[in-house]
Structures are given as C-alpha cells and as structure tokens.
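Raw my_file_31.txt, compact mmCIF, C-alpha atoms:
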# COMPACT_ATOMS: atom_id res chain seq x y z
CA MET A 56 18.61 0.39 28.63
CA LYS A 57 19.34 -0.98 32.07
CA LYS A 58 16.37 -1.41 34.37
CA GLU A 59 18.14 0.57 37.09
CA LYS A 60 18.06 3.70 34.93
CA PHE A 61 14.32 3.91 35.40
CA LYS A 62 14.29 3.52 39.16
CA ASN A 63 12.28 6.48 40.43
CA ASP A 64 11.10 6.32 44.03
CA LYS A 65 9.01 9.48 43.62
CA ILE A 66 6.64 7.62 41.32
CA LYS A 67 5.00 4.54 42.78
CA ARG A 68 1.62 4.50 41.03
CA ILE A 69 0.94 5.24 37.37
CA ALA A 70 -2.57 5.61 35.95
CA VAL A 71 -3.71 5.43 32.33
CA LEU A 72 -6.85 6.69 30.59
CA THR A 73 -8.21 6.90 27.05
CA SER A 74 -9.91 10.08 25.92
CA GLY A 75 -11.76 11.40 22.86
CA GLY A 76 -12.56 9.18 19.90
CA ASP A 77 -11.60 5.52 20.16
CA ALA A 78 -8.91 4.14 17.86
CA PRO A 79 -7.70 0.60 17.09
CA GLY A 80 -4.52 0.00 19.06
CA MET A 81 -5.58 1.80 22.22
CA ASN A 82 -5.85 -1.52 24.03
CA ALA A 83 -2.34 -2.44 22.95
CA ALA A 84 -1.13 0.86 24.43
CA ILE A 85 -3.03 0.28 27.68
CA ARG A 86 -1.48 -3.19 27.92
CA ALA A 87 2.01 -1.78 27.36
CA VAL A 88 1.57 0.96 29.99
CA VAL A 89 0.29 -1.47 32.62
CA ARG A 90 2.90 -4.14 32.04
CA SER A 91 5.86 -1.77 31.73
CA ALA A 92 4.80 -0.04 34.95
CA ILE A 93 4.72 -3.41 36.71
CA TYR A 94 8.04 -4.38 35.11
CA TYR A 95 9.64 -1.33 36.70
CA GLY A 96 8.17 -2.11 40.11
CA LYS A 97 5.25 0.34 40.01
CA GLU A 98 1.53 -0.13 40.52
CA ALA A 99 -0.74 0.46 37.55
CA PHE A 100 -4.23 1.95 37.62
CA GLY A 101 -6.88 2.36 34.96
CA ILE A 102 -9.27 5.31 34.78
CA CYS A 103 -12.55 4.41 33.07
CA HIS A 104 -14.40 6.76 30.69
CA GLY A 105 -11.50 9.20 30.28
CA TYR A 106 -11.51 12.56 32.06
CA LYS A 107 -15.13 11.95 33.05
CA GLY A 108 -14.05 8.92 35.07
CA LEU A 109 -11.19 10.91 36.56
CA ILE A 110 -13.65 13.49 37.87
CA GLU A 111 -16.08 10.82 39.08
CA GLY A 112 -13.36 8.71 40.71
CA ASP A 113 -13.89 5.70 38.44
CA ILE A 114 -10.40 4.37 39.09
CA LYS A 115 -9.21 0.81 39.62
CA GLN A 116 -5.93 -1.02 39.96
CA LEU A 117 -4.85 -3.10 36.98
CA LEU A 118 -2.74 -6.23 37.22
CA SER A 119 -0.91 -7.96 34.40
CA ALA A 120 -3.74 -10.48 34.00
CA ASP A 121 -6.27 -7.65 33.57
CA VAL A 122 -4.70 -6.72 30.24
CA SER A 123 -4.28 -10.23 28.88
CA ASN A 124 -5.77 -10.98 25.45
CA ILE A 125 -6.61 -7.37 24.61
CA ILE A 126 -3.82 -6.50 22.17
CA ASN A 127 -5.94 -7.80 19.28
CA ARG A 128 -9.12 -5.95 20.26
CA GLY A 129 -10.34 -2.68 18.79
CA GLY A 130 -11.85 0.10 20.92
CA THR A 131 -10.70 0.56 24.49
CA ILE A 132 -11.35 -1.62 27.55
CA LEU A 133 -11.18 1.51 29.71
CA LYS A 134 -13.96 3.17 27.68
CA THR A 135 -13.79 6.78 26.55
CA SER A 136 -15.99 9.85 26.49
CA ARG A 137 -16.06 13.60 25.95
CA CYS A 138 -15.96 15.60 29.17
CA PRO A 139 -16.98 19.28 29.14
CA ARG A 140 -16.49 19.42 32.94
CA PHE A 141 -12.74 18.87 32.55
CA LYS A 142 -12.57 22.12 30.58
CA GLU A 143 -13.56 23.95 33.77
CA LYS A 144 -11.15 24.66 36.63
CA LYS A 145 -13.57 23.18 39.13
CA GLY A 146 -13.68 19.90 37.21
CA ARG A 147 -9.90 19.72 36.98
CA ARG A 148 -9.63 20.40 40.71
CA ILE A 149 -11.87 17.44 41.48
CA ALA A 150 -9.82 15.30 39.10
CA TYR A 151 -6.61 16.27 40.88
CA GLU A 152 -8.09 15.46 44.28
CA ASN A 153 -9.15 12.02 43.03
CA LEU A 154 -5.64 11.28 41.78
CA LYS A 155 -4.17 12.22 45.17
CA LYS A 156 -6.89 10.24 46.96
CA HIS A 157 -5.80 7.09 45.13
CA GLY A 158 -2.12 7.85 45.68
CA ILE A 159 -1.43 8.17 41.96
CA ASP A 160 1.83 9.94 41.13
CA ALA A 161 1.76 10.11 37.33
CA LEU A 162 -0.68 9.85 34.44
CA VAL A 163 -0.62 8.54 30.88
CA VAL A 164 -3.26 10.02 28.55
CA ILE A 165 -4.05 8.20 25.30
CA GLY A 166 -5.95 10.46 22.92
CA GLY A 167 -5.84 13.26 20.39
CA ASP A 168 -5.43 17.02 20.22
CA GLY A 169 -8.33 17.90 22.53
CA SER A 170 -7.19 15.35 25.11
CA PHE A 171 -3.68 16.78 25.11
CA ARG A 172 -4.99 20.32 25.41
CA GLY A 173 -6.76 19.26 28.59
CA ALA A 174 -3.62 17.46 29.81
CA ARG A 175 -1.53 20.58 29.24
CA GLU A 176 -3.93 22.79 31.20
CA PHE A 177 -4.01 20.23 34.01
CA TYR A 178 -0.22 20.12 34.16
CA GLU A 179 0.10 23.91 34.15
CA GLU A 180 -2.28 24.16 37.12
CA TYR A 181 -0.98 21.28 39.26
CA LYS A 182 2.44 20.35 37.82
CA PHE A 183 1.19 16.78 37.82
CA PRO A 184 3.43 14.50 35.70
CA ILE A 185 1.60 13.56 32.47
CA VAL A 186 2.80 11.90 29.29
CA GLY A 187 0.52 11.54 26.28
CA ILE A 188 0.24 8.78 23.69
CA PRO A 189 -1.23 9.86 20.32
CA GLY A 190 -4.34 7.76 19.69
CA THR A 191 -6.50 8.97 16.79
CA ILE A 192 -7.28 7.54 13.36
CA ASP A 193 -6.91 11.00 11.79
CA ASN A 194 -3.09 11.09 12.14
CA ASP A 195 -3.35 14.86 12.50
CA LEU A 196 -1.16 15.45 15.57
CA TYR A 197 1.92 17.60 15.16
CA GLY A 198 5.16 15.99 16.32
CA THR A 199 4.60 12.40 15.25
CA ASP A 200 4.66 10.65 11.88
CA TYR A 201 1.93 8.23 12.89
CA THR A 202 -0.80 8.07 15.50
CA ILE A 203 -2.28 4.87 16.90
CA GLY A 204 -5.21 3.70 14.81
CA TYR A 205 -4.27 5.46 11.57
CA ASP A 206 -2.82 2.41 9.84
CA THR A 207 -5.84 0.29 10.75
CA ALA A 208 -8.27 2.95 9.51
CA LEU A 209 -6.39 3.15 6.22
CA ASN A 210 -6.64 -0.59 5.71
CA VAL A 211 -10.37 -0.56 6.54
CA VAL A 212 -10.96 2.13 3.90
CA ILE A 213 -8.84 0.32 1.32
CA ASP A 214 -10.71 -2.95 1.89
CA ALA A 215 -14.09 -1.21 1.64
CA VAL A 216 -13.26 0.80 -1.49
CA ASP A 217 -11.76 -2.24 -3.24
CA LYS A 218 -15.13 -3.94 -2.79
CA ILE A 219 -17.03 -0.85 -3.91
CA ARG A 220 -14.94 -0.73 -7.09
CA ASP A 221 -16.05 -4.27 -7.95
CA THR A 222 -19.63 -3.01 -8.08
CA ALA A 223 -18.63 0.23 -9.81
CA GLU A 224 -16.89 -1.68 -12.59
CA SER A 225 -19.75 -4.14 -12.98
CA HIS A 226 -22.25 -1.33 -13.57
CA ASP A 227 -19.99 1.44 -14.98
CA ARG A 228 -20.83 3.59 -11.99
CA LEU A 229 -19.32 6.75 -10.56
CA PHE A 230 -18.95 6.35 -6.79
CA PHE A 231 -18.40 9.17 -4.31
CA VAL A 232 -16.99 7.60 -1.14
CA GLU A 233 -16.83 9.68 2.04
CA VAL A 234 -14.21 8.89 4.68
CA MET A 235 -13.51 10.40 8.09
CA GLY A 236 -11.48 13.58 8.29
CA ARG A 237 -13.42 16.55 9.64
CA ASP A 238 -10.36 18.79 9.84
CA ALA A 239 -7.66 16.74 8.12
CA GLY A 240 -7.40 14.78 4.92
CA PHE A 241 -4.69 12.28 5.82
CA ILE A 242 -6.98 9.24 5.61
CA ALA A 243 -8.53 10.32 2.32
CA LEU A 244 -5.23 11.22 0.69
CA ARG A 245 -3.19 8.14 1.54
CA SER A 246 -6.01 5.60 1.14
CA GLY A 247 -7.08 7.35 -2.08
CA ILE A 248 -3.66 6.76 -3.56
CA ALA A 249 -3.74 3.15 -2.39
CA VAL A 250 -7.08 2.39 -4.09
CA GLY A 251 -6.29 4.31 -7.25
CA ALA A 252 -9.04 6.90 -6.76
CA GLU A 253 -9.65 9.11 -9.78
CA ALA A 254 -10.00 12.19 -7.54
CA ILE A 255 -9.40 12.95 -3.86
CA LEU A 256 -11.02 15.88 -2.05
CA ILE A 257 -9.52 17.00 1.29
CA PRO A 258 -9.98 19.98 3.66
CA GLU A 259 -6.42 21.22 3.14
CA ILE A 260 -6.95 21.97 -0.55
CA LYS A 261 -9.86 24.04 -1.82
CA THR A 262 -12.08 21.97 -4.09
CA ASN A 263 -12.20 23.15 -7.68
CA MET A 264 -15.61 21.86 -8.81
CA LYS A 265 -15.09 23.17 -12.33
CA ARG A 266 -11.90 21.16 -12.71
CA LEU A 267 -13.47 18.08 -11.14
CA LYS A 268 -16.44 18.19 -13.51
CA LYS A 269 -14.15 18.70 -16.49
CA TYR A 270 -12.08 15.71 -15.45
CA LEU A 271 -15.12 13.52 -14.91
CA ALA A 272 -16.63 14.60 -18.23
CA HIS A 273 -13.57 13.24 -19.98
CA GLU A 274 -12.60 10.27 -17.81
CA TYR A 275 -16.05 8.97 -16.97
CA GLN A 276 -18.26 10.17 -19.81
CA VAL A 277 -15.81 9.50 -22.65
CA LYS A 278 -14.25 6.30 -21.37
CA LYS A 279 -17.52 4.96 -19.89
CA SER A 280 -15.59 3.20 -17.14
CA SER A 281 -16.03 3.13 -13.39
CA SER A 282 -14.63 5.95 -11.27
CA ILE A 283 -14.00 6.42 -7.56
CA VAL A 284 -13.90 9.88 -5.97
CA LEU A 285 -12.74 9.85 -2.36
CA VAL A 286 -14.05 12.72 -0.22
CA ALA A 287 -12.94 13.64 3.30
CA GLU A 288 -15.99 14.58 5.40
CA GLY A 289 -14.52 18.01 6.17
CA ASP A 290 -13.87 18.98 2.57
CA ASP A 291 -15.04 22.54 1.82
CA SER A 292 -17.44 21.26 -0.85
CA GLY A 293 -19.70 19.89 1.87
CA GLY A 294 -18.90 16.18 1.77
CA ALA A 295 -19.71 13.34 -0.61
CA ILE A 296 -23.45 13.97 -0.78
CA ALA A 297 -23.06 17.64 -1.68
CA VAL A 298 -20.42 16.93 -4.33
CA ALA A 299 -22.39 14.06 -5.86
CA ASN A 300 -25.53 16.18 -6.05
CA GLN A 301 -23.67 18.91 -7.93
CA VAL A 302 -22.25 16.40 -10.38
CA LYS A 303 -25.65 14.73 -10.93
CA LYS A 304 -27.20 18.13 -11.64
CA ASP A 305 -24.72 18.86 -14.44
CA PHE A 306 -24.45 15.28 -15.67
CA PRO A 307 -27.86 13.61 -15.22
CA GLN A 308 -26.71 10.82 -17.51
CA PHE A 309 -24.02 9.72 -15.02
CA ASN A 310 -24.71 6.59 -12.99
CA VAL A 311 -23.82 8.16 -9.64
CA ARG A 312 -23.74 6.41 -6.26
CA ILE A 313 -22.72 7.56 -2.78
CA SER A 314 -21.16 5.53 0.01
CA ILE A 315 -20.36 6.97 3.45
CA LEU A 316 -18.02 4.64 5.35
CA GLY A 317 -18.60 6.31 8.72
CA HIS A 318 -17.59 4.69 11.98
CA ILE A 319 -16.49 1.36 10.54
CA GLN A 320 -13.15 3.14 10.08
CA ARG A 321 -12.69 3.31 13.84
CA GLY A 322 -13.49 -0.31 14.61
CA GLY A 323 -11.93 -3.71 14.11
CA ALA A 324 -8.77 -5.45 15.15
CA PRO A 325 -5.67 -3.24 14.89
CA THR A 326 -3.06 -4.00 12.26
CA ALA A 327 0.36 -5.37 13.18
CA TYR A 328 1.83 -1.90 12.70
CA ASP A 329 -0.64 -0.30 15.11
CA ARG A 330 -0.11 -3.06 17.69
CA VAL A 331 3.67 -2.73 17.62
CA THR A 332 3.66 1.08 17.54
CA ALA A 333 1.18 1.25 20.43
CA SER A 334 3.34 -1.16 22.43
CA GLN A 335 6.45 0.92 21.80
CA MET A 336 4.68 4.13 22.75
CA GLY A 337 3.19 2.62 25.91
CA ILE A 338 6.61 1.57 27.15
CA ALA A 339 8.16 4.90 26.13
CA ALA A 340 5.44 6.77 28.07
CA VAL A 341 6.20 4.92 31.30
CA GLU A 342 9.96 5.16 30.84
CA GLY A 343 9.60 8.87 30.09
CA LEU A 344 7.73 9.45 33.34
CA LEU A 345 10.38 7.52 35.29
CA MET A 346 13.09 9.64 33.65
CA GLY A 347 11.32 12.79 34.84
CA ARG A 348 9.61 13.78 31.61
CA LYS A 349 6.25 15.52 31.94
CA ASN A 350 3.85 17.62 29.89
CA VAL A 351 4.95 15.79 26.74
CA MET A 352 3.58 13.44 24.08
CA VAL A 353 5.38 10.34 22.91
CA GLY A 354 5.79 10.47 19.15
CA ILE A 355 7.45 8.51 16.39
CA LYS A 356 9.74 10.37 13.97
CA ASN A 357 11.76 8.54 11.36
CA ARG A 358 10.96 5.26 13.16
CA LYS A 359 12.36 6.48 16.48
CA MET A 360 10.52 7.36 19.69
CA VAL A 361 10.62 11.07 20.57
CA TYR A 362 9.05 13.32 23.21
CA VAL A 363 7.21 16.45 22.07
CA SER A 364 5.81 19.07 24.43
CA PHE A 365 2.02 19.40 24.62
CA THR A 366 2.52 23.08 23.86
CA LYS A 367 3.96 22.22 20.45
CA THR A 368 1.31 19.60 19.66
CA ASN A 369 -1.44 22.11 20.50
CA LYS A 370 0.15 25.15 18.86
CA HIS A 371 1.34 23.73 15.55
CA HIS A 372 -0.71 22.23 12.74
CA LYS A 373 0.34 19.10 10.90
CA THR A 374 0.21 19.55 7.14
CA VAL A 375 -0.31 17.01 4.38
CA LYS A 376 2.76 16.07 2.37
CA ARG A 377 2.81 17.87 -0.97
CA GLU A 378 4.58 14.93 -2.60
CA LEU A 379 1.50 12.80 -1.92
CA VAL A 380 -0.72 15.42 -3.57
CA ASN A 381 1.63 15.39 -6.57
CA ILE A 382 1.42 11.59 -6.73
CA VAL A 383 -2.34 11.89 -7.24
CA LYS A 384 -1.84 14.32 -10.15
CA ILE A 385 0.81 12.15 -11.81
CA LEU A 386 -1.10 8.88 -11.52
CA ASN A 387 -4.38 10.29 -12.83
CA VAL A 388 -3.22 11.33 -16.30
What would you get if you wrote out this structure as structure tokens?
Amino acid sequence: MKKEKFKNDKIKRIAVLTSGGDAPGMNAAIRAVVRSAIYYGKEAFGICHGYKGLIEGDIKQLLSADVSNIINRGGTILKTSRCPRFKEKKGRRIAYENLKKHGIDALVVIGGDGSFRGAREFYEEYKFPIVGIPGTIDNDLYGTDYTIGYDTALNVVIDAVDKIRDTAESHDRLFFVEVMGRDAGFIALRSGIAVGAEAILIPEIKTNMKRLKKYLAHEYQVKKSSSIVLVAEGDDSGGAIAVANQVKKDFPQFNVRISILGHIQRGGAPTAYDRVTASQMGIAAVEGLLMGRKNVMVGIKNRKMVYVSFTKTNKHHKTVKRELVNIVKILNV
C-alpha cells in the first residue's frame, strides 16, 4: 500500500505495552510497532510493566536504535506484569490521564485474553484508540489461527520430549510429561502429535482413566516398550502427577516417571515463524490505527492479516480442531 494512505494527522504518538504472560516474539512485535510508527512519521513510546506501568506513568519514548538487536530475544524488553488496579475504574482513569499527559494518541497492547478484556473496557470508557496483538504461548485466542509465541513453545516441548524419550527407551519407562495449558490444550495436542505421544490429555476432552489404563496395560505392559503420555496442566484429571499416581497404584510394576516442563516453554529465542508473524502483526497494528481502526485485535486467518473486535475475542471460545484429535486416535493403533 502507498505510504500516503496511512497519513493520519490525528495520531502523532503511538505507545506500545506488553501485558500478561511473556511469550517469545513479543520483542519482535515491539520492534515492528516502533519502527512502523516511525516509518509513517509518528513518535513511538514504550510503556514498561504493562498496565501497571501505564498507571504509574512508566512511559518513555523509543527510537529506532532502542529496538535494535531484540528480534532474536525471548521475553519482553518492556517487561510485563499482572495489574489488579487496571480492573478498577479509578486505575483506568489514572492510566488515561497518563496517556494524555504524555500526548499519546493511540495504544498497541500485546497480550492475551485478559489483556484484551482490559483494553476493551478502557476503550468503552474513554474511546481511546487501541489495537491488540495476540501474544500468548497458549494459542487460545478466538479470531486468529496463531498467537505470538505458540510456535516457539511447541518447538521447546518437542525438543524436550524427544530427549525424554531417549531416556524412556533406554530404561523401558513410562513418562508422564506435563505441559502448559491451564484452560486450553493446544500445546499438548499439537506437540503430542509431533512427538508421537501414546496418549494426550487436554482440558477440552474429559479424561477416561479406565480407557487410558486399558491402553497402557496393553501397549506398555505387553510390549514392554517406552511410552510418553502428554498431559496439559489444566486437564480434569489433575495434571501429570495425579494421573501418574493413579497409574502407579493400579500398575505398581510399571517403571513410571514424571516430568513437568514448566516455564521453559515460555523462554528462549523465538522461531522464524514467530519472528515473522510478530513483525507482520506489529506493522498491521500501526497501520490499522492510522486507518481509523480501534477496539480490535490483529489476527492471522488463512495466512492473511485480519482485524477482530475485542468483543468477539472476549466473548467466543476457541476450540481444538477435531481432526487433530482424530489423528491421535488413528496413529496410536
């Protein structure tokens, strides 16, 4: 598109913040927001520590050089935090006053569902232009095929489980591996398929312990080979430890081990896919603001950038693909 199309004299200063859990690729998105704002003749500002920094006035101007050499870094240079005060009208009022004090005309929020819920409430109260960028390893936001950080988290899990399987095979062990996913099983399901897990337990599907034990009794006890069971932390069975304990109780002869991957899934250098996607979304966020879009999230659908209202992202729930669940059944005969 021509540069002139995005000339918007009403917006002179654009700020960006990261909120909620960190995700690999957030820095790439920050870089894209700052540099695209400058490209279109605007001033860019960074808000440190998310909504908390917005309330406390922790705001600084960012130049192109300030975001050099960060595209390859995990985490977020702007820091992030949870902010209960932003859930209160008084807190949001202070945040609004700080934005006006610094002459900021528009805001880009990089985060997940909770961050966008706060952004929607803020917009409804002050009609302040906000565009969101989905940054969460869980990939659970409605309106986008992928969220920033998801691809990296998948690759971290795959690398870790591949190494765990080496030990499992060497000792004929049954490993229960817990991955992140308190409310959604996207990480567990897709990475489980990628590592050839014998069973995958996710929050979206009620765990049938009887069926799992029957399967393990045949596959593990009869074949005497290694097995990997991938468990999302939010699974209704209570997580990897609870499931493993039930299995050990019924099958004391099993050589059972537990591995909880934890926060290593959030860290590390982002993959090429996350870096490119974050860059695309960062530019789309700024261009959206300059085109007059507000109260929306930038998403990617069928490899194209789209804008989805915060209302839809908050109201609707993203579901796992049934064809992926069927793949697990077919490949574990």
So which residues touch Thr131 (chain A) within 7 Å, counting only C-alpha atoms, skipping near sequence neighbours fewer than 5 positions away, as a VMD selection string?
-> chain A and resid 77 81 to 82
Name the residues in contact with region 315-317 of chain A at a cut-off of 12 Å, using all atoms listed in the file, excluding same-chain residues fewer than 5 positions from it; report them as number ranges by chain.
-> A: 208-209, 211-216, 219, 230-237, 242-243, 284-288, 294-296, 299, 322
Neighbour residues at most 8 Å from (4.9, 0.9, 27.2) (only C-alpha atoms) as JSON, numbers by chain = {"A": [84, 85, 86, 87, 88, 89, 90, 91, 92, 333, 334, 335, 336, 337, 338, 339, 340, 341, 342]}
Separation of CA of Met264 (chain A) from CA of Asp193 (chain A), in Å and rounded to one decimal |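 Calculated distance between CA of Met264 (chain A) and CA of Asp193 (chain A) is 24.9 Å.
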Leaving out Lys268 (chain A) and any residue of its chain fewer than 6 positions from it, which residues lie within 12 Å of it when counting only C-alpha atoms, given as a ChimeraX atom specification?
-> /A:253-254,262,274-276,284,298-306,309
Find the residues near Arg358 (chain A): any atom within 12 Å, counting all atoms listed in the file, skip ones fewer than 2 places away on the same chain, and give them as an NGL selection string.
-> :A and (199-201 or 328 or 331-332 or 335-336 or 354-356 or 360-361)
Restricting it to C-alpha atoms, dump the selection as a PDB file, keeping the file's coordinate frame.
ATOM      1  CA  THR A 199       4.600  12.400  15.250  1.00  0.00           C
ATOM      2  CA  ASP A 200       4.660  10.650  11.880  1.00  0.00           C
ATOM      3  CA  TYR A 201       1.930   8.230  12.890  1.00  0.00           C
ATOM      4  CA  TYR A 328       1.830  -1.900  12.700  1.00  0.00           C
ATOM      5  CA  VAL A 331       3.670  -2.730  17.620  1.00  0.00           C
ATOM      6  CA  THR A 332       3.660   1.080  17.540  1.00  0.00           C
ATOM      7  CA  GLN A 335       6.450   0.920  21.800  1.00  0.00           C
ATOM      8  CA  MET A 336       4.680   4.130  22.750  1.00  0.00           C
ATOM      9  CA  GLY A 354       5.790  10.470  19.150  1.00  0.00           C
ATOM     10  CA  ILE A 355       7.450   8.510  16.390  1.00  0.00           C
ATOM     11  CA  LYS A 356       9.740  10.370  13.970  1.00  0.00           C
ATOM     12  CA  MET A 360      10.520   7.360  19.690  1.00  0.00           C
ATOM     13  CA  VAL A 361      10.620  11.070  20.570  1.00  0.00           C
TER      14      VAL A 361
END
Exercise: region 95-102 of chain A partners within 8 Å, only C-alpha atoms, chain neighbours under 6 positions left out, as an NGL selection string | :A and (58 or 61-62 or 66-73 or 88-89 or 108-109 or 112-118 or 133)
Select, from A:Val353, A:Lys384, A:Ser74, A:Leu345, the residue with the minimum atom-to-atom distance to Gly251 (chain A), counting all atoms listed in the file.
-> A:Lys384
Pull the closest atom pair for each residue of region 191-222 of chain A that gets at most 10 Å from region 162-182 of chain A, along with the distance in Å to one decimal, counting all atoms listed in the file, ordering rows by chain and then ascending residue number, as a tab-separated table.
residue	atom	partner	partner_atom	distance
A:Thr191	CA	A:Gly167	CA	5.6
A:Ile192	CA	A:Gly167	CA	9.2
A:Asp193	CA	A:Gly167	CA	9.0
A:Asn194	CA	A:Gly167	CA	9.0
A:Asp195	CA	A:Asp168	CA	8.3
A:Leu196	CA	A:Asp168	CA	6.5
A:Tyr197	CA	A:Asp168	CA	8.9
A:Thr202	CA	A:Gly167	CA	8.7
A:Ile203	CA	A:Gly166	CA	9.0
Same residues, C-alpha atoms, output as a compact mmCIF listing (two decimals), in the coordinates of the input:
# COMPACT_ATOMS: atom_id res chain seq x y z
CA THR A 191 -6.50 8.97 16.79
CA ILE A 192 -7.28 7.54 13.36
CA ASP A 193 -6.91 11.00 11.79
CA ASN A 194 -3.09 11.09 12.14
CA ASP A 195 -3.35 14.86 12.50
CA LEU A 196 -1.16 15.45 15.57
CA TYR A 197 1.92 17.60 15.16
CA THR A 202 -0.80 8.07 15.50
CA ILE A 203 -2.28 4.87 16.90
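If you look at CA of Met346 (chain A) and CA of Lys370 (chain A), they are 25.0 Å away from each other.
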Each side padded by 6 Å, which centre and which edge lengths in Å (one decimal) define the axis-aligned box around the listed atoms of region 364-367 of chain A? Give them as AutoDock Vina command-line options.
--center_x 3.9 --center_y 21.1 --center_z 22.5 --size_x 15.8 --size_y 16.0 --size_z 16.2
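Across the structure, CA of Ile126 (chain A) and CA of Gly323 (chain A) are spaced 11.8 Å apart.
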Selected residue, from A:Ala239, A:Ala223, A:Leu386, A:Cys103, that lies nearest to His372 (chain A) when counting only C-alpha atoms |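 Of A:Ala239, A:Ala223, A:Leu386, A:Cys103, the one nearest His372 (chain A) is A:Ala239, counting only C-alpha atoms.
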Given the choices A:Pro307, A:Gly247, A:Pro189, A:Gly198, which gets closest to Asn357 (chain A) if the distance is worked out from all atoms listed in the file?
->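 Among the listed residues, A:Gly198 lies closest to Asn357 (chain A).
Each of A:Gly240, A:Gly130, A:Pro184, A:Gly293 was checked against Val380 (chain A) using all atoms listed in the file; the smallest atom-to-atom distance is that of A:Gly240.
Of the residues under consideration (A:Ile110, A:Ala324, A:Ile313, A:Ile93), A:Ile313 shows the shortest atom-to-atom contact distance to Arg228 (chain A) when counting only C-alpha atoms.
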Closest of A:Asp238, A:Asp217, A:Asp329, A:Asp160 to Asp64 (chain A) - atom-to-atom distances counting only C-alpha atoms =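 Of A:Asp238, A:Asp217, A:Asp329, A:Asp160, the one nearest Asp64 (chain A) is A:Asp160, counting only C-alpha atoms.
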Taking N, CA and C atoms as the atom set, what does region 303-318 of chain A look like once completed, written as a CSV table (one decimal), in the coordinates of the input?
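Final output, part_13.csv:
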chain,number,residue,atom,x,y,z
A,303,LYS,N,-24.4,15.3,-10.3
A,303,LYS,CA,-25.6,14.7,-10.9
A,303,LYS,C,-26.5,15.8,-11.6
A,304,LYS,N,-26.4,17.0,-11.1
A,304,LYS,CA,-27.2,18.1,-11.6
A,304,LYS,C,-26.7,18.5,-13.0
A,305,ASP,N,-25.3,18.5,-13.2
A,305,ASP,CA,-24.7,18.9,-14.4
A,305,ASP,C,-24.6,17.7,-15.4
A,306,PHE,N,-24.6,16.5,-14.8
A,306,PHE,CA,-24.4,15.3,-15.7
A,306,PHE,C,-25.5,14.3,-15.3
A,307,PRO,N,-26.8,14.5,-15.6
A,307,PRO,CA,-27.9,13.6,-15.2
A,307,PRO,C,-27.7,12.2,-15.8
A,308,GLN,N,-26.9,12.1,-16.9
A,308,GLN,CA,-26.7,10.8,-17.5
A,308,GLN,C,-25.7,9.9,-16.8
A,309,PHE,N,-25.0,10.5,-15.8
A,309,PHE,CA,-24.0,9.7,-15.0
A,309,PHE,C,-24.7,8.8,-14.1
A,310,ASN,N,-24.2,7.6,-13.9
A,310,ASN,CA,-24.7,6.6,-13.0
A,310,ASN,C,-24.0,6.8,-11.6
A,311,VAL,N,-24.5,7.7,-10.9
A,311,VAL,CA,-23.8,8.2,-9.6
A,311,VAL,C,-24.3,7.4,-8.4
A,312,ARG,N,-23.4,7.0,-7.5
A,312,ARG,CA,-23.7,6.4,-6.3
A,312,ARG,C,-22.9,7.0,-5.2
A,313,ILE,N,-23.4,7.0,-3.9
A,313,ILE,CA,-22.7,7.6,-2.8
A,313,ILE,C,-22.6,6.5,-1.7
A,314,SER,N,-21.4,6.4,-1.1
A,314,SER,CA,-21.2,5.5,0.0
A,314,SER,C,-20.4,6.3,1.1
A,315,ILE,N,-21.0,6.3,2.3
A,315,ILE,CA,-20.4,7.0,3.4
A,315,ILE,C,-19.9,5.9,4.4
A,316,LEU,N,-18.6,5.7,4.6
A,316,LEU,CA,-18.0,4.6,5.4
A,316,LEU,C,-18.2,4.8,6.9
A,317,GLY,N,-18.2,6.1,7.3
A,317,GLY,CA,-18.6,6.3,8.7
A,317,GLY,C,-17.7,5.6,9.7
A,318,HIS,N,-18.3,5.2,10.8
A,318,HIS,CA,-17.6,4.7,12.0
A,318,HIS,C,-17.0,3.3,11.8
